[in-house]
Amino acid sequence: MRNNQITRVLVFEPSEIVQHGLRSLLSSEDLQIVGFLRDLEDWKEQIHYHTPDVLLINPNICGWPVSKQLERIQNAYPELILLGLQYSFFAENDLKLFQDIIFISDEKASILKKINTPKEDTNKPVDKQDGEDLSDREREILVSVVQGLSNKEIAENHHISIHTVISHRKNITRKTGIKSVSGLTIYALINNMIDYPG
C-alpha cells in the first residue's frame with residue numbers, strides 16, 4: 001500500500017445497484033474507489049491505469065473455472081490484494097485465490113476491515129536496502145510461488161497468514177526487481193533454489 005495510507009480499490013461488478021451501494025457504503029477517509037468495471041475485459045490496462053491496491057471482484061464475471069482467471073491476475077500482479085464480492089453460491093475451491101470474501105450481507109465495519117487488513121499488515125516500513133539477499137523465509141515463499149501455489153496455499157503450507165505471504169512477495173519483488181512468476185522461476189534456477197526440470 002502507499003505511504004499516504006489511502007487504500008485504492010478497483011471494483012469489478014456488473015450490477016449498478018451494487019456499485020451504488022458500495023460507493024455509498026465505502027466512503028471513507030482512508031479508502032478510495034478508483035473505478036467500477038462491469039467485466040474483466042482489458043483488466044491489465046485497467047489495473048495499469050487505475051493503480052489500485054485492492055481488486056474487489058464479483059466471481060460471476062470470471063468465467064469458468066473462476067480460479068483460472070484469478071490466477072492470471074495474481075501472476076501478473078502478485079502485489080495486489082484480491083477480494084471476492086459474493087452474493088451467489090460458489091464452491092470454496094473456486095474462490096481459493098481470493099485473500100478474503102466480502103458477502104453482500106456484511107456490515108460496513110466488517111467490509112472495511114477486510115479491505116484494510118492487508119494495508120495494516122504489509123505497510124510496515126522495511127529497513128533493508130534494495131538488492132539485499134532474500135531471507136530464508138522469502139526463499140521458501142519464492143519456491144512456493146514458482147511451484148504455482150496460490151497465496152492461500154502458501155499460507156497454509158507455511159502456517160502463516162495470507163497477508164504475511166503478500167508481504168513476503170512484495171519484499172521478494174522489491175529485492176529481486178522481478179514481478180512475473182516466469183522471471184522468478186529463472187531467478188530460482190540461477191540461484192539453485194530449485195532443480196532444472198528433466
# chains A, B, ... in the order shown; residues from 1 in each chain; ligands from 1

$ residues_around --residues "stretch 137-145 of chain A" --least-positions-apart "4" --cutoff "9 Å" --atoms "only C-alpha atoms" --output "mmCIF file with N, CA, C and O atoms, in the first residue's frame"
data_model
loop_
_atom_site.group_PDB
_atom_site.id
_atom_site.type_symbol
_atom_site.label_atom_id
_atom_site.label_comp_id
_atom_site.auth_asym_id
_atom_site.auth_seq_id
_atom_site.Cartn_x
_atom_site.Cartn_y
_atom_site.Cartn_z
ATOM 1 N N LEU A 149 1.800 -22.326 -6.453
ATOM 2 C CA LEU A 149 0.840 -22.309 -5.354
ATOM 3 C C LEU A 149 0.211 -20.924 -5.211
ATOM 4 O O LEU A 149 0.859 -19.908 -5.453
ATOM 5 N N SER A 150 -1.053 -20.898 -4.837
ATOM 6 C CA SER A 150 -1.738 -19.628 -4.586
ATOM 7 C C SER A 150 -1.291 -19.068 -3.246
ATOM 8 O O SER A 150 -0.683 -19.780 -2.425
ATOM 9 N N ASN A 151 -1.593 -17.803 -2.996
ATOM 10 C CA ASN A 151 -1.247 -17.193 -1.703
ATOM 11 C C ASN A 151 -1.865 -17.975 -0.548
ATOM 12 O O ASN A 151 -1.231 -18.166 0.494
ATOM 13 N N GLU A 153 -2.679 -21.198 -0.478
ATOM 14 C CA GLU A 153 -1.980 -22.477 -0.312
ATOM 15 C C GLU A 153 -0.616 -22.276 0.346
ATOM 16 O O GLU A 153 -0.202 -23.069 1.196
ATOM 17 N N ILE A 154 0.076 -21.211 -0.036
ATOM 18 C CA ILE A 154 1.378 -20.909 0.567
ATOM 19 C C ILE A 154 1.201 -20.638 2.062
ATOM 20 O O ILE A 154 1.964 -21.128 2.893
ATOM 21 N N HIS A 158 2.927 -22.965 5.006
ATOM 22 C CA HIS A 158 3.960 -22.385 5.867
ATOM 23 C C HIS A 158 3.408 -21.927 7.220
ATOM 24 O O HIS A 158 4.150 -21.332 8.006
ATOM 25 N N VAL A 165 2.084 -13.663 3.647
ATOM 26 C CA VAL A 165 2.558 -14.147 2.344
ATOM 27 C C VAL A 165 2.685 -12.974 1.369
ATOM 28 O O VAL A 165 3.697 -12.821 0.674
ATOM 29 N N HIS A 168 5.701 -10.922 2.174
ATOM 30 C CA HIS A 168 6.918 -11.584 1.690
ATOM 31 C C HIS A 168 7.061 -11.430 0.174
ATOM 32 O O HIS A 168 8.154 -11.156 -0.334
ATOM 33 N N ARG A 169 5.952 -11.588 -0.554
ATOM 34 C CA ARG A 169 6.011 -11.483 -2.018
ATOM 35 C C ARG A 169 6.406 -10.070 -2.444
ATOM 36 O O ARG A 169 7.157 -9.888 -3.403
ATOM 37 N N ASN A 171 8.299 -8.041 -0.686
ATOM 38 C CA ASN A 171 9.731 -7.925 -0.397
ATOM 39 C C ASN A 171 10.568 -8.648 -1.442
ATOM 40 O O ASN A 171 11.632 -8.164 -1.841
ATOM 41 N N ILE A 172 10.093 -9.811 -1.887
ATOM 42 C CA ILE A 172 10.802 -10.562 -2.931
ATOM 43 C C ILE A 172 10.866 -9.729 -4.206
ATOM 44 O O ILE A 172 11.918 -9.614 -4.841
ATOM 45 N N VAL A 181 6.035 -14.525 -12.469
ATOM 46 C CA VAL A 181 6.380 -15.859 -11.984
ATOM 47 C C VAL A 181 7.454 -16.481 -12.864
ATOM 48 O O VAL A 181 8.372 -17.144 -12.368
ATOM 49 N N LEU A 184 10.722 -15.047 -11.813
ATOM 50 C CA LEU A 184 11.135 -15.607 -10.524
ATOM 51 C C LEU A 184 11.618 -17.048 -10.683
ATOM 52 O O LEU A 184 12.514 -17.495 -9.960
ATOM 53 N N THR A 185 11.018 -17.766 -11.629
ATOM 54 C CA THR A 185 11.462 -19.144 -11.894
ATOM 55 C C THR A 185 12.907 -19.155 -12.375
ATOM 56 O O THR A 185 13.731 -19.943 -11.908
ATOM 57 N N ALA A 188 15.130 -18.366 -9.483
ATOM 58 C CA ALA A 188 15.275 -19.523 -8.591
ATOM 59 C C ALA A 188 16.220 -20.562 -9.183
ATOM 60 O O ALA A 188 17.017 -21.173 -8.461
ATOM 61 N N MET A 193 17.823 -22.564 -6.210
ATOM 62 C CA MET A 193 16.737 -22.742 -5.250
ATOM 63 C C MET A 193 15.814 -23.882 -5.663
ATOM 64 O O MET A 193 15.117 -24.456 -4.842
ATOM 65 N N ILE A 194 15.805 -24.167 -6.951
ATOM 66 C CA ILE A 194 15.033 -25.287 -7.490
ATOM 67 C C ILE A 194 15.913 -26.008 -8.498
ATOM 68 O O ILE A 194 16.898 -25.450 -8.997
#

$ select_by_dssp --residues "chain A" --states "helix (DSSP H, G or I)" --output "MDAnalysis selection string"
chainID A and resid 16:25 43:50 59:61 66:76 92:95 108:122 136:146 151:158 162:176 181:190

$ residues_around --residues "stretch 32-44 of chain A" --least-positions-apart "3" --cutoff "7 Å" --atoms "only C-alpha atoms" --output "list of chain:residue names"
A:Ile6, A:Thr7, A:Arg8, A:Val9, A:Leu10, A:Val11, A:Phe12, A:Glu13, A:Pro14, A:Ile47, A:His48, A:His50, A:Ile61

$ write_last_selection --atoms "N, CA and C atoms" --output "PDB file, in the first residue's frame"
ATOM      1  N   ILE A   6      -3.867   5.663   2.041  1.00  0.00           N
ATOM      2  CA  ILE A   6      -5.145   5.556   1.331  1.00  0.00           C
ATOM      3  C   ILE A   6      -5.146   4.284   0.507  1.00  0.00           C
ATOM      4  N   THR A   7      -6.116   3.427   0.753  1.00  0.00           N
ATOM      5  CA  THR A   7      -6.244   2.180   0.013  1.00  0.00           C
ATOM      6  C   THR A   7      -7.080   2.443  -1.234  1.00  0.00           C
ATOM      7  N   ARG A   8      -6.512   2.147  -2.389  1.00  0.00           N
ATOM      8  CA  ARG A   8      -7.186   2.360  -3.657  1.00  0.00           C
ATOM      9  C   ARG A   8      -7.832   1.044  -4.105  1.00  0.00           C
ATOM     10  N   VAL A   9      -9.149   1.073  -4.311  1.00  0.00           N
ATOM     11  CA  VAL A   9      -9.903  -0.138  -4.630  1.00  0.00           C
ATOM     12  C   VAL A   9     -10.502  -0.021  -6.025  1.00  0.00           C
ATOM     13  N   LEU A  10     -10.250  -1.030  -6.856  1.00  0.00           N
ATOM     14  CA  LEU A  10     -10.855  -1.124  -8.172  1.00  0.00           C
ATOM     15  C   LEU A  10     -11.886  -2.239  -8.110  1.00  0.00           C
ATOM     16  N   VAL A  11     -13.133  -1.923  -8.457  1.00  0.00           N
ATOM     17  CA  VAL A  11     -14.247  -2.859  -8.296  1.00  0.00           C
ATOM     18  C   VAL A  11     -14.681  -3.403  -9.650  1.00  0.00           C
ATOM     19  N   PHE A  12     -14.760  -4.732  -9.741  1.00  0.00           N
ATOM     20  CA  PHE A  12     -15.275  -5.416 -10.931  1.00  0.00           C
ATOM     21  C   PHE A  12     -16.635  -5.991 -10.569  1.00  0.00           C
ATOM     22  N   GLU A  13     -17.690  -5.259 -10.928  1.00  0.00           N
ATOM     23  CA  GLU A  13     -19.050  -5.624 -10.535  1.00  0.00           C
ATOM     24  C   GLU A  13     -20.032  -5.146 -11.605  1.00  0.00           C
ATOM     25  N   PRO A  14     -20.829  -6.063 -12.187  1.00  0.00           N
ATOM     26  CA  PRO A  14     -21.734  -5.665 -13.272  1.00  0.00           C
ATOM     27  C   PRO A  14     -23.007  -4.948 -12.831  1.00  0.00           C
ATOM     28  N   ILE A  47      -6.011  -2.051 -14.660  1.00  0.00           N
ATOM     29  CA  ILE A  47      -5.195  -2.069 -13.444  1.00  0.00           C
ATOM     30  C   ILE A  47      -4.024  -1.103 -13.601  1.00  0.00           C
ATOM     31  N   HIS A  48      -3.405  -1.120 -14.762  1.00  0.00           N
ATOM     32  CA  HIS A  48      -2.285  -0.202 -15.022  1.00  0.00           C
ATOM     33  C   HIS A  48      -2.741   1.252 -14.929  1.00  0.00           C
ATOM     34  N   HIS A  50      -5.556   2.544 -13.337  1.00  0.00           N
ATOM     35  CA  HIS A  50      -6.113   2.955 -12.039  1.00  0.00           C
ATOM     36  C   HIS A  50      -5.142   2.774 -10.866  1.00  0.00           C
ATOM     37  N   ILE A  61     -18.185 -12.847 -12.866  1.00  0.00           N
ATOM     38  CA  ILE A  61     -17.669 -12.326 -14.135  1.00  0.00           C
ATOM     39  C   ILE A  61     -16.351 -12.993 -14.546  1.00  0.00           C
TER      40      ILE A  61
END

$ closest_residue --among "A:Arg23, A:Lys152, A:Lys179, A:His163" --to "A:Leu95" --atoms "only C-alpha atoms"
A:Lys152

$ atom_distance --atom1 "atom CA of A:Leu70" --atom2 "atom CA of A:Glu45"
15.7 Å

$ closest_residue --among "A:Thr117, A:Arg72, A:Gln99, A:Asp133" --to "A:Ala155" --atoms "only C-alpha atoms"
A:Gln99

$ closest_residue --among "A:Thr164, A:Thr176, A:Ser28, A:Gln19" --to "A:Leu56" --atoms "only C-alpha atoms"
A:Gln19

$ atom_distance --atom1 "atom CA of A:Leu82" --atom2 "atom CA of A:Ile160"
17.6 Å

$ atom_distance --atom1 "atom CA of A:Gly21" --atom2 "atom CA of A:Ile73"
25.3 Å

$ residues_around --residues "A:Leu85" --least-positions-apart "4" --cutoff "8 Å" --atoms "only C-alpha atoms" --output "PyMOL selection string"
chain A and resi 56-59+101-104

$ decode --residues "stretch 53-87 of chain A" --atoms "C-alpha atoms" --output "PDB file, in the first residue's frame"
ATOM      1  CA  ASP A  53      -4.026  -1.680  -4.117  1.00  0.00           C
ATOM      2  CA  VAL A  54      -7.094  -3.925  -3.895  1.00  0.00           C
ATOM      3  CA  LEU A  55      -9.247  -5.599  -6.532  1.00  0.00           C
ATOM      4  CA  LEU A  56     -12.807  -6.324  -5.429  1.00  0.00           C
ATOM      5  CA  ILE A  57     -14.141  -8.860  -7.927  1.00  0.00           C
ATOM      6  CA  ASN A  58     -17.557 -10.449  -8.343  1.00  0.00           C
ATOM      7  CA  PRO A  59     -16.631 -14.078  -9.185  1.00  0.00           C
ATOM      8  CA  ASN A  60     -19.633 -14.285 -11.518  1.00  0.00           C
ATOM      9  CA  ILE A  61     -17.669 -12.326 -14.135  1.00  0.00           C
ATOM     10  CA  CYS A  62     -14.594 -14.582 -14.000  1.00  0.00           C
ATOM     11  CA  GLY A  63     -15.855 -17.316 -16.309  1.00  0.00           C
ATOM     12  CA  TRP A  64     -15.311 -20.984 -15.577  1.00  0.00           C
ATOM     13  CA  PRO A  65     -13.322 -22.080 -13.737  1.00  0.00           C
ATOM     14  CA  VAL A  66     -13.169 -18.967 -11.591  1.00  0.00           C
ATOM     15  CA  SER A  67      -9.643 -19.743 -10.393  1.00  0.00           C
ATOM     16  CA  LYS A  68      -8.230 -19.723 -13.943  1.00  0.00           C
ATOM     17  CA  GLN A  69      -8.884 -16.003 -14.469  1.00  0.00           C
ATOM     18  CA  LEU A  70      -7.834 -15.152 -10.910  1.00  0.00           C
ATOM     19  CA  GLU A  71      -4.532 -16.986 -11.440  1.00  0.00           C
ATOM     20  CA  ARG A  72      -3.838 -14.819 -14.488  1.00  0.00           C
ATOM     21  CA  ILE A  73      -4.447 -11.664 -12.463  1.00  0.00           C
ATOM     22  CA  GLN A  74      -2.444 -12.898  -9.467  1.00  0.00           C
ATOM     23  CA  ASN A  75       0.507 -13.936 -11.631  1.00  0.00           C
ATOM     24  CA  ALA A  76       0.543 -10.599 -13.459  1.00  0.00           C
ATOM     25  CA  TYR A  77       0.092  -8.507 -10.288  1.00  0.00           C
ATOM     26  CA  PRO A  78       1.208 -10.538  -7.239  1.00  0.00           C
ATOM     27  CA  GLU A  79       1.347  -7.413  -5.077  1.00  0.00           C
ATOM     28  CA  LEU A  80      -2.402  -6.748  -5.394  1.00  0.00           C
ATOM     29  CA  ILE A  81      -4.934  -7.910  -2.833  1.00  0.00           C
ATOM     30  CA  LEU A  82      -7.750  -9.928  -4.441  1.00  0.00           C
ATOM     31  CA  LEU A  83     -11.072  -9.839  -2.599  1.00  0.00           C
ATOM     32  CA  GLY A  84     -14.228 -11.589  -3.744  1.00  0.00           C
ATOM     33  CA  LEU A  85     -17.655  -9.944  -3.709  1.00  0.00           C
ATOM     34  CA  GLN A  86     -20.034 -12.856  -3.312  1.00  0.00           C
ATOM     35  CA  TYR A  87     -23.802 -12.904  -3.343  1.00  0.00           C
TER      36      TYR A  87
END
